[in-house]
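So this one's run.cif, mmCIF, C-alpha atoms:
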```cif
data_data
loop_
_atom_site.group_PDB
_atom_site.id
_atom_site.type_symbol
_atom_site.label_atom_id
_atom_site.label_comp_id
_atom_site.auth_asym_id
_atom_site.auth_seq_id
_atom_site.Cartn_x
_atom_site.Cartn_y
_atom_site.Cartn_z
ATOM 1 C CA MET A 15 -0.206 0.888 -23.549
ATOM 2 C CA ASN A 16 -1.650 -2.577 -22.935
ATOM 3 C CA ASN A 17 -0.998 -2.890 -19.213
ATOM 4 C CA ILE A 18 -2.308 -4.574 -16.075
ATOM 5 C CA ILE A 19 -1.915 -3.887 -12.368
ATOM 6 C CA LEU A 20 -1.206 -6.870 -10.107
ATOM 7 C CA CYS A 21 -1.852 -6.443 -6.385
ATOM 8 C CA ASP A 22 -0.723 -8.462 -3.415
ATOM 9 C CA PHE A 23 -3.487 -8.798 -0.807
ATOM 10 C CA ASP A 24 -2.217 -9.322 2.751
ATOM 11 C CA GLY A 25 -0.885 -6.056 4.151
ATOM 12 C CA THR A 26 -1.344 -4.377 0.763
ATOM 13 C CA ILE A 27 -5.107 -4.366 0.236
ATOM 14 C CA SER A 28 -6.010 -5.724 3.669
ATOM 15 C CA LEU A 29 -4.766 -3.821 6.701
ATOM 16 C CA LYS A 30 -3.820 -7.079 8.454
ATOM 17 C CA ASP A 31 -2.197 -10.279 7.239
ATOM 18 C CA VAL A 32 -5.202 -12.597 6.970
ATOM 19 C CA THR A 33 -3.371 -15.903 7.414
ATOM 20 C CA ASP A 34 -1.482 -14.634 10.459
ATOM 21 C CA THR A 35 -4.742 -13.380 11.971
ATOM 22 C CA LEU A 36 -6.469 -16.741 11.507
ATOM 23 C CA ILE A 37 -3.494 -18.577 12.992
ATOM 24 C CA GLU A 38 -3.466 -16.240 16.003
ATOM 25 C CA HIS A 39 -7.139 -16.974 16.627
ATOM 26 C CA PHE A 40 -7.429 -20.640 15.691
ATOM 27 C CA GLY A 41 -3.966 -22.175 15.241
ATOM 28 C CA GLU A 42 -2.987 -25.159 17.365
ATOM 29 C CA ALA A 43 0.487 -25.963 18.687
ATOM 30 C CA GLY A 44 3.013 -26.357 15.902
ATOM 31 C CA CYS A 45 2.154 -23.212 13.927
ATOM 32 C CA GLU A 46 4.996 -21.223 15.465
ATOM 33 C CA THR A 47 7.500 -23.992 14.726
ATOM 34 C CA LEU A 48 6.481 -23.995 11.070
ATOM 35 C CA GLU A 49 6.726 -20.189 10.947
ATOM 36 C CA ALA A 50 10.246 -20.292 12.409
ATOM 37 C CA ALA A 51 11.310 -22.941 9.871
ATOM 38 C CA TRP A 52 9.980 -20.756 7.036
ATOM 39 C CA GLU A 53 11.646 -17.609 8.360
ATOM 40 C CA SER A 54 14.989 -19.423 8.605
ATOM 41 C CA GLY A 55 14.676 -20.749 5.057
ATOM 42 C CA GLN A 56 14.384 -24.416 6.023
ATOM 43 C CA ILE A 57 11.024 -24.732 4.256
ATOM 44 C CA GLY A 58 9.137 -22.751 1.621
ATOM 45 C CA SER A 59 5.868 -20.935 2.141
ATOM 46 C CA LEU A 60 3.940 -23.788 0.498
ATOM 47 C CA GLU A 61 5.021 -26.302 3.147
ATOM 48 C CA CYS A 62 4.629 -23.751 5.938
ATOM 49 C CA MET A 63 1.113 -22.671 4.981
ATOM 50 C CA ALA A 64 -0.105 -26.188 4.249
ATOM 51 C CA GLY A 65 0.987 -27.237 7.729
ATOM 52 C CA GLN A 66 -0.433 -24.183 9.455
ATOM 53 C CA VAL A 67 -3.810 -24.408 7.726
ATOM 54 C CA ALA A 68 -4.013 -28.086 8.728
ATOM 55 C CA LEU A 69 -3.601 -26.900 12.334
ATOM 56 C CA LEU A 70 -6.503 -24.431 12.218
ATOM 57 C CA ARG A 71 -9.448 -25.434 14.394
ATOM 58 C CA ALA A 72 -12.526 -23.392 13.549
ATOM 59 C CA ASP A 73 -15.845 -24.094 11.902
ATOM 60 C CA GLN A 74 -16.876 -21.974 8.938
ATOM 61 C CA ALA A 75 -18.978 -19.578 11.014
ATOM 62 C CA MET A 76 -16.050 -18.940 13.365
ATOM 63 C CA LEU A 77 -13.686 -18.335 10.471
ATOM 64 C CA ASP A 78 -16.146 -15.988 8.765
ATOM 65 C CA ALA A 79 -16.634 -14.013 11.983
ATOM 66 C CA CYS A 80 -12.885 -13.480 12.186
ATOM 67 C CA LEU A 81 -12.730 -12.366 8.556
ATOM 68 C CA GLU A 82 -15.538 -9.868 9.197
ATOM 69 C CA ALA A 83 -13.183 -7.885 11.415
ATOM 70 C CA ILE A 84 -10.441 -7.506 8.790
ATOM 71 C CA GLU A 85 -10.568 -4.154 7.016
ATOM 72 C CA ILE A 86 -9.124 -3.080 3.694
ATOM 73 C CA ASP A 87 -7.384 0.092 2.546
ATOM 74 C CA GLU A 88 -10.264 2.560 2.206
ATOM 75 C CA SER A 89 -8.722 3.965 -0.977
ATOM 76 C CA PHE A 90 -8.832 0.579 -2.760
ATOM 77 C CA ILE A 91 -12.427 0.857 -4.006
ATOM 78 C CA PRO A 92 -11.951 4.375 -5.477
ATOM 79 C CA PHE A 93 -8.711 3.077 -7.023
ATOM 80 C CA LEU A 94 -10.591 0.219 -8.709
ATOM 81 C CA GLU A 95 -13.189 2.651 -10.016
ATOM 82 C CA THR A 96 -10.506 4.927 -11.443
ATOM 83 C CA MET A 97 -8.662 2.045 -13.119
ATOM 84 C CA CYS A 98 -11.930 0.751 -14.570
ATOM 85 C CA GLY A 99 -12.576 4.191 -16.068
ATOM 86 C CA ARG A 100 -9.131 4.082 -17.679
ATOM 87 C CA ASN A 101 -9.590 0.511 -18.955
ATOM 88 C CA ILE A 102 -6.647 -0.746 -16.885
ATOM 89 C CA PRO A 103 -7.408 -4.230 -15.491
ATOM 90 C CA VAL A 104 -6.546 -5.033 -11.882
ATOM 91 C CA ALA A 105 -5.948 -8.555 -10.563
ATOM 92 C CA ILE A 106 -4.975 -9.924 -7.161
ATOM 93 C CA VAL A 107 -2.038 -12.329 -6.983
ATOM 94 C CA SER A 108 -1.504 -13.644 -3.473
ATOM 95 C CA ASP A 109 0.289 -16.415 -1.611
ATOM 96 C CA GLY A 110 -2.663 -16.277 0.778
ATOM 97 C CA LEU A 111 -6.100 -17.867 0.962
ATOM 98 C CA ASP A 112 -8.584 -17.469 -1.868
ATOM 99 C CA TYR A 113 -11.668 -18.049 0.297
ATOM 100 C CA ALA A 114 -10.601 -15.388 2.796
ATOM 101 C CA ILE A 115 -9.729 -12.861 0.095
ATOM 102 C CA ARG A 116 -13.030 -13.397 -1.685
ATOM 103 C CA TYR A 117 -15.007 -13.150 1.566
ATOM 104 C CA ILE A 118 -13.361 -9.887 2.606
ATOM 105 C CA LEU A 119 -13.748 -8.301 -0.830
ATOM 106 C CA GLN A 120 -17.400 -9.345 -1.127
ATOM 107 C CA LYS A 121 -18.046 -7.783 2.260
ATOM 108 C CA HIS A 122 -17.019 -4.500 0.648
ATOM 109 C CA GLY A 123 -19.055 -5.103 -2.515
ATOM 110 C CA ILE A 124 -16.063 -6.092 -4.667
ATOM 111 C CA THR A 125 -16.971 -9.101 -6.795
ATOM 112 C CA ASP A 126 -15.301 -8.607 -10.175
ATOM 113 C CA VAL A 127 -11.555 -8.593 -9.430
ATOM 114 C CA PRO A 128 -9.738 -11.787 -10.506
ATOM 115 C CA ILE A 129 -8.088 -13.625 -7.608
ATOM 116 C CA ILE A 130 -5.024 -15.824 -8.107
ATOM 117 C CA ALA A 131 -4.313 -17.440 -4.726
ATOM 118 C CA ASN A 132 -4.029 -20.708 -2.829
ATOM 119 C CA HIS A 133 -7.276 -22.669 -2.530
ATOM 120 C CA LEU A 134 -8.716 -23.011 0.987
ATOM 121 C CA ILE A 135 -11.084 -25.929 1.553
ATOM 122 C CA TYR A 136 -13.296 -26.596 4.586
ATOM 123 C CA GLU A 137 -13.331 -30.322 5.303
ATOM 124 C CA GLY A 138 -15.882 -30.179 8.119
ATOM 125 C CA ASP A 139 -15.471 -30.810 11.848
ATOM 126 C CA SER A 140 -13.435 -27.568 12.198
ATOM 127 C CA HIS A 141 -10.684 -28.839 9.875
ATOM 128 C CA TRP A 142 -9.244 -27.026 6.855
ATOM 129 C CA ARG A 143 -6.977 -27.951 3.967
ATOM 130 C CA LEU A 144 -4.975 -25.880 1.498
ATOM 131 C CA GLU A 145 -4.430 -26.709 -2.171
ATOM 132 C CA PHE A 146 -1.929 -24.972 -4.462
ATOM 133 C CA PRO A 147 -3.238 -24.676 -8.036
ATOM 134 C CA TYR A 148 -0.603 -22.054 -8.912
ATOM 135 C CA ALA A 149 2.499 -23.719 -7.436
ATOM 136 C CA THR A 150 5.421 -24.613 -9.708
ATOM 137 C CA SER A 151 8.303 -27.034 -9.288
ATOM 138 C CA PHE A 152 10.805 -24.318 -10.274
ATOM 139 C CA CYS A 153 9.771 -21.556 -7.825
ATOM 140 C CA LYS A 154 12.958 -20.298 -6.167
ATOM 141 C CA LYS A 155 11.137 -19.570 -2.900
ATOM 142 C CA GLN A 156 9.046 -22.763 -2.929
ATOM 143 C CA SER A 157 5.952 -20.601 -2.685
ATOM 144 C CA GLY A 158 2.398 -21.855 -2.805
ATOM 145 C CA ASN A 159 1.705 -19.351 -5.562
ATOM 146 C CA CYS A 160 4.686 -18.561 -7.787
ATOM 147 C CA LYS A 161 4.102 -14.880 -8.539
ATOM 148 C CA CYS A 162 6.977 -14.778 -11.029
ATOM 149 C CA HIS A 163 5.286 -17.494 -13.068
ATOM 150 C CA GLN A 164 2.007 -15.564 -12.987
ATOM 151 C CA ALA A 165 3.816 -12.488 -14.308
ATOM 152 C CA ASP A 166 5.451 -14.505 -17.097
ATOM 153 C CA ARG A 167 2.066 -15.899 -18.077
ATOM 154 C CA LEU A 168 0.461 -12.441 -18.129
ATOM 155 C CA TYR A 169 3.203 -11.024 -20.370
ATOM 156 C CA GLU A 170 1.750 -13.238 -23.090
ATOM 157 C CA GLN A 171 -1.296 -10.942 -22.983
ATOM 158 C CA TYR A 172 -0.014 -7.596 -21.654
ATOM 159 C CA SER A 173 2.953 -5.445 -22.642
ATOM 160 C CA GLU A 174 3.434 -3.844 -19.201
ATOM 161 C CA ILE A 175 2.856 -5.072 -15.652
ATOM 162 C CA LEU A 176 2.664 -2.725 -12.673
ATOM 163 C CA TYR A 177 2.872 -4.420 -9.283
ATOM 164 C CA VAL A 178 1.627 -3.363 -5.842
ATOM 165 C CA GLY A 179 3.026 -5.109 -2.768
ATOM 166 C CA ASP A 180 4.441 -4.783 0.701
ATOM 167 C CA GLY A 181 6.477 -7.769 1.875
ATOM 168 C CA THR A 182 8.629 -10.859 1.466
ATOM 169 C CA SER A 183 6.307 -12.687 -0.936
ATOM 170 C CA ASP A 184 6.669 -9.727 -3.315
ATOM 171 C CA PHE A 185 10.467 -9.645 -3.467
ATOM 172 C CA CYS A 186 11.060 -12.100 -6.340
ATOM 173 C CA VAL A 187 8.310 -10.852 -8.637
ATOM 174 C CA SER A 188 9.570 -7.274 -8.246
ATOM 175 C CA HIS A 189 12.565 -8.221 -10.399
ATOM 176 C CA VAL A 190 10.510 -9.480 -13.344
ATOM 177 C CA ILE A 191 7.846 -6.780 -13.860
ATOM 178 C CA ASP A 192 8.057 -3.194 -15.149
ATOM 179 C CA PHE A 193 7.340 -1.048 -12.105
ATOM 180 C CA VAL A 194 6.568 -1.523 -8.407
ATOM 181 C CA TYR A 195 4.341 0.457 -6.071
ATOM 182 C CA ALA A 196 5.849 -0.489 -2.728
ATOM 183 C CA LYS A 197 4.666 -0.438 0.872
ATOM 184 C CA GLY A 198 6.383 -1.719 4.013
ATOM 185 C CA LYS A 199 9.471 -3.928 3.671
ATOM 186 C CA LEU A 200 9.201 -3.865 -0.107
ATOM 187 C CA ILE A 201 10.251 -0.184 -0.194
ATOM 188 C CA HIS A 202 13.661 -0.961 1.296
ATOM 189 C CA TYR A 203 14.053 -4.069 -0.861
ATOM 190 C CA CYS A 204 13.392 -2.185 -4.091
ATOM 191 C CA HIS A 205 15.731 0.627 -3.073
ATOM 192 C CA LYS A 206 18.496 -1.819 -2.124
ATOM 193 C CA HIS A 207 18.273 -3.731 -5.419
ATOM 194 C CA GLY A 208 17.751 -0.760 -7.721
ATOM 195 C CA ILE A 209 14.248 -1.832 -8.759
ATOM 196 C CA PRO A 210 12.144 0.942 -10.365
ATOM 197 C CA HIS A 211 9.512 1.776 -7.779
ATOM 198 C CA GLN A 212 7.394 4.376 -6.039
ATOM 199 C CA ALA A 213 6.874 4.253 -2.287
ATOM 200 C CA ILE A 214 3.190 4.556 -1.372
ATOM 201 C CA MET A 215 1.053 4.746 1.739
ATOM 202 C CA ASN A 216 -2.192 3.701 0.038
ATOM 203 C CA PHE A 217 -3.845 3.191 -3.337
ATOM 204 C CA ALA A 218 -4.630 6.878 -3.722
ATOM 205 C CA ASP A 219 -0.882 7.444 -4.052
ATOM 206 C CA ILE A 220 -0.834 5.158 -7.100
ATOM 207 C CA VAL A 221 -3.465 7.272 -8.869
ATOM 208 C CA THR A 222 -1.502 10.418 -8.050
ATOM 209 C CA HIS A 223 1.678 8.883 -9.468
ATOM 210 C CA LEU A 224 -0.040 7.668 -12.628
ATOM 211 C CA ASP A 225 -1.557 11.124 -13.141
ATOM 212 C CA GLY A 226 1.933 12.620 -13.007
ATOM 213 C CA LYS A 227 3.503 10.279 -15.539
#
```
Structure encoded using structure tokens:
Amino acid sequence: MNNIILCDFDGTISLKDVTDTLIEHFGEAGCETLEAAWESGQIGSLECMAGQVALLRADQAMLDACLEAIEIDESFIPFLETMCGRNIPVAIVSDGLDYAIRYILQKHGITDVPIIANHLIYEGDSHWRLEFPYATSFCKKQSGNCKCHQADRLYEQYSEILYVGDGTSDFCVSHVIDFVYAKGKLIHYCHKHGIPHQAIMNFADIVTHLDGK
């Protein structure tokens, strides 16, 4: 089977939501208003995140120090090693921040996992900007990174996509891939909508499930 595993990052690989953590530490007034507008459906995540990142006030050293404290699921590295041994590629698809994801993974010695995420740029003088190289005009959720589009693109190369996620940004894509490994809110969502899935606590549970197939 020619398959690939796509993984969300925030709350799935990382133990904390990275963007939320940075906003808590460095966000100026207005971040909560944008969050409320996103939660109520008035704006998409692209508009929300672009506005919130523009309100971050931290130099690069401050941001890096905050990222240093964010841990990942301790079973993720053994999971990557197992998938590598089985020739199953793993890629990260996230509506989060590419710089933060890369920094956190490199801290743990992970340098060879593809990252598909929004592009964080330091503009100097404690100001940041977010670009959206993977946004689409047809994304139903107006996301910065349309995960459904990424799945469609990958089906040109792979016959099966397994997805690992935990939250709201994973809802749409769960309908368009073959199987979901679900944490958090995604478990209830998959159950409610009859989406083929396996509830997991960590990445070790995925290996156990694959071994039993």
Ground truth for the PyMOL selection byres ((chain A and resi 147) around 9), written as a PyMOL selection string
chain A and resi 131-133+145-146+148-150+158-159
Export, as a tab-separated table (two decimals), in the frame of the given file, the selected residues with C-alpha atoms.
```tsv
chain	number	residue	atom	x	y	z
A	131	ALA	CA	-4.31	-17.44	-4.73
A	132	ASN	CA	-4.03	-20.71	-2.83
A	133	HIS	CA	-7.28	-22.67	-2.53
A	145	GLU	CA	-4.43	-26.71	-2.17
A	146	PHE	CA	-1.93	-24.97	-4.46
A	148	TYR	CA	-0.60	-22.05	-8.91
A	149	ALA	CA	2.50	-23.72	-7.44
A	150	THR	CA	5.42	-24.61	-9.71
A	158	GLY	CA	2.40	-21.86	-2.80
A	159	ASN	CA	1.70	-19.35	-5.56
```
Taking into account all atoms listed in the file, which residue in the set A:Met63, A:Ile18, A:Ile191, A:Leu36 is nearest to Glu49 of chain A?
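That would be A:Met63, the residue with the smallest distance to Glu49 of chain A.
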So, with only C-alpha atoms as the atoms that count, which of A:Ile19, A:Ile115, A:Gly25, A:Asp225 lies closest to Glu174 of chain A?
A:Ile19
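Take atom CA of Glu137 of chain A and atom CA of Glu46 of chain A: the distance between them is 22.8 Å.
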Who sits within 12 Å of Cys80 of chain A, all atoms listed in the file, same chain under 5 positions skipped, as a PyMOL selection string:
chain A and resi 30+32-40+72-75+85+114+117-118
With C-alpha atoms kept, could you save the residues just selected as a JSON list (two decimals), in the coordinates of the input?
```
[["chain", "number", "residue", "atom", "x", "y", "z"],
["A", 30, "LYS", "CA", -3.82, -7.08, 8.45],
["A", 32, "VAL", "CA", -5.20, -12.60, 6.97],
["A", 33, "THR", "CA", -3.37, -15.90, 7.41],
["A", 34, "ASP", "CA", -1.48, -14.63, 10.46],
["A", 35, "THR", "CA", -4.74, -13.38, 11.97],
["A", 36, "LEU", "CA", -6.47, -16.74, 11.51],
["A", 37, "ILE", "CA", -3.49, -18.58, 12.99],
["A", 38, "GLU", "CA", -3.47, -16.24, 16.00],
["A", 39, "HIS", "CA", -7.14, -16.97, 16.63],
["A", 40, "PHE", "CA", -7.43, -20.64, 15.69],
["A", 72, "ALA", "CA", -12.53, -23.39, 13.55],
["A", 73, "ASP", "CA", -15.84, -24.09, 11.90],
["A", 74, "GLN", "CA", -16.88, -21.97, 8.94],
["A", 75, "ALA", "CA", -18.98, -19.58, 11.01],
["A", 85, "GLU", "CA", -10.57, -4.15, 7.02],
["A", 114, "ALA", "CA", -10.60, -15.39, 2.80],
["A", 117, "TYR", "CA", -15.01, -13.15, 1.57],
["A", 118, "ILE", "CA", -13.36, -9.89, 2.61]]
```
As a check of understanding, name the residues that the PyMOL selection byres ((chain A and resi 105) around 10) selects in the supplied structure, as a list of chain:residue names.
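Matching residues under the PyMOL selection byres ((chain A and resi 105) around 10) are A:Ile18, A:Ile19, A:Leu20, A:Cys21, A:Asp22, A:Pro103, A:Val104, A:Ile106, A:Val107, A:Ser108, A:Asp126, A:Val127, A:Pro128, A:Ile129, A:Ile130, A:Tyr177.
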Can you tell me how far atom CA of Asp192 of chain A sits from atom CA of Cys160 of chain A, in Å to one decimal?
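Answer for the atom CA of Asp192 of chain A to atom CA of Cys160 of chain A separation: 17.4 Å.
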Show which residues sit within 10 Å of Phe90 of chain A, as an MDAnalysis selection string. Count only C-alpha atoms, and ignore same-chain residues fewer than 4 positions away.
chainID A and resid 26:28 86 94:96 216:218
For segment 195-199 of chain A, work out the shell of residues within 7 Å, counting only C-alpha atoms and skipping chain neighbours fewer than 2 positions away, then give it as a PyMOL selection string.
chain A and resi 177-181+193+201-203+211-215
Do you know which residues the PyMOL selection byres ((chain A and resi 60) around 7) returns on this file, as an NGL selection string?
:A and (58-59 or 61-64 or 156-158)
Name the closest residue to Leu134 of chain A among the candidates A:Gly110, A:Gly55, A:Pro92, A:Gly226; distances are taken between atoms, counting all atoms listed in the file.
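Closest residue, counting all atoms listed in the file: A:Gly110.
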Which value, in Å to one decimal, gives the distance between atom CA of Ala165 of chain A and atom CA of Asp184 of chain A?
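About the pair atom CA of Ala165 of chain A and atom CA of Asp184 of chain A: they are 11.7 Å apart.
Between Cys186 of chain A and the candidates A:Lys206, A:Arg167, A:Lys227, A:Lys155, the tightest atom-to-atom separation, counting only C-alpha atoms, involves A:Lys155.
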Could you check which of A:Asn16, A:Thr222, A:Gln164, A:Ser151 is closest to Ser89 of chain A, using all atoms listed in the file?
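Ranked by minimum distance to Ser89 of chain A, first place goes to A:Thr222.
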Counting only C-alpha atoms, which of A:Ile135, A:Ile57, A:Gly99, A:Gln171 gets nearest to Asp112 of chain A?
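With only C-alpha atoms as the atom set, the closest residue is A:Ile135.
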